[in-house]
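Structure first, then comments.
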Amino acid sequence: MLTNQHIAIIGGDARQLEIIRKLTELNADLYLIGFDQLDHGFTGATKCTMDEVKLSTLNAIILPVGGTTIEGEVDTIFSNEKVMLTADQLKQTPSHCTIYSGISNSCLNQMVKEASRTLVCLFERDDVAIYNSIPTVEGTVMMVIQHTDITIHQSNIAVLGLGRVGMSVARTFAALGANVSVGVRKPEHIARITEMGLKPFYLSDLVDNVSDLDVCINTIPAQIVTSQVIAKMPSHTLVIDLASKPGGTDFRYAEKRGIKALLAPGLPGIVAPKTAGKIIANVLTQLLIEQSHKGKENNP
Ligand code: NAP
């Protein structure tokens, strides 16, 4: 249980509702900041503003998956008010207060460093990234169906990268009957792709592996689908770029060549916000319970 744990949930989207639901079930005292337009009420949760919350009582702060913007603003779909997080606010929290976010950026890192607080980036964890790849793949399948006039079955699909997302994407499209090739840079990944019964190639040979593609799915957060690569694709190829912004595709060149190239960020939150929220909520509650046990050991 999280009895007597004071937790501020600041901003976010529908995924945050699963976190609120789970934490209220565990009896935590929640302060919801940036939720003034949320109709739903949760027992044990108080809607308030950043100025109203007693920062000195907080055990944890939960930010949205995106953390803050580079200016320190916390995005929220449940309020029209601007919600800002500052290092001065973090300094007012107790030293044991932990900040949880999906990802971070230079602004959030700097704030946390200045306030000497601990930041936990949930999406850096393998378990979260692997669970999260499931709704990501379902969203990718949806996009391929929406943006092509052929079946996935028997289509030629290249997946770039064999990380947590790339592995799930390659396996799913292969299971749907596509001819899947996977581009990587490490020999052990070439071996794994071979073991999976798929066609491996080195990214250094990418330009030689796109001439018959129906779909190219990039998961590599680096400039990989360059103008030279796009120039070798058939004009009907669909490029779906799953890598975090700005993606790994030369979108301007693709447009110039008439190739449809789509950056598709945040698919789990779009296609399955409830599942995506549950994935975060499950790991988060485990971490908060561990944190509260440690707190009790240190202050019996
Ligand atoms: P990951 O496990 O770290 O995998 C990244 C892959 O990219 C690895 O295969 C890695 O290969 C390769 N790579 C990285 N830099 C490279 C470079 N410079 N050249 C060649 N290969 C490179 O990451 P992930 O969890 O799969 O996530 C992949 C991307 O998808 C991230 O940007 C993530 O933010 C994003 N994402 C998007 C969505 C969405 O909805 N669109 C959802 C989840 C994640 P090595 O092993 O050789 O380094």
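For the structure tokens, the naming scheme is as follows: chains receive sequential letters (A, B, ...) according to their order of presentation, residues are indexed from 1 within each chain, and ligands are indexed from 1 in presentation order.
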Practice task
Could you tell me, counting only C-alpha atoms and all ligand atoms, which protein and nucleic acid residues lie no more than 6 Å from ligand 1, written as a count of residues only?
Solution key: 23
Practice task
Going by DSSP on the backbone, which bits of segment 111-268 of chain A are helix (DSSP H, G or I)? Write them as a count of residues only, please.
Solution key: 72
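Each of A:Cys48, A:Ile190, A:Leu63, A:Ala14 was checked against Phe78 of chain A using only C-alpha atoms; the smallest atom-to-atom distance is that of A:Ala14.
Using only C-alpha atoms for every distance, the candidate list A:Ile145, A:Ala158, A:Ile7, A:Ile150 yields A:Ile7 as the residue closest to Ala60 of chain A.
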Handout entry: Distance in Å - atom CA of Leu284 of chain A versus atom CA of Arg117 of chain A
Key =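 Atom CA of Arg117 of chain A lies at a distance of 17.4 Å from atom CA of Leu284 of chain A.
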Practice task
Skip Asn27 of chain A itself and residues of its chain fewer than 4 positions away, then list as a PyMOL selection string all residues within 12 Å of it, counting only C-alpha atoms.
Solution key: chain A and resi 1-7+20-23+42-45+285+289
Handout entry: Distance of atom CA of Asp241 of chain A from atom CA of Leu263 of chain A, expressed in Å to one decimal place
Key = 4.7 Å
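As for atom CA of Arg252 of chain A and atom CA of Ile230 of chain A, they are spaced 10.7 Å apart.
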Practice task
Write out as a PyMOL selection string the residues lying within 12 Å of Phe35 of chain A, counting only C-alpha atoms and excluding same-chain residues fewer than 5 positions away.
Solution key: chain A and resi 8-14+16-17+20+30+40-42+45-50+74-83
Exercise for the section: Run DSSP on the backbone and grab whatever in segment 180-287 of chain A lands in strand (DSSP E or B); send it over as a ChimeraX atom specification. Expected result: /A:180-184,199-202,215-218,225,238-241,249,260-263
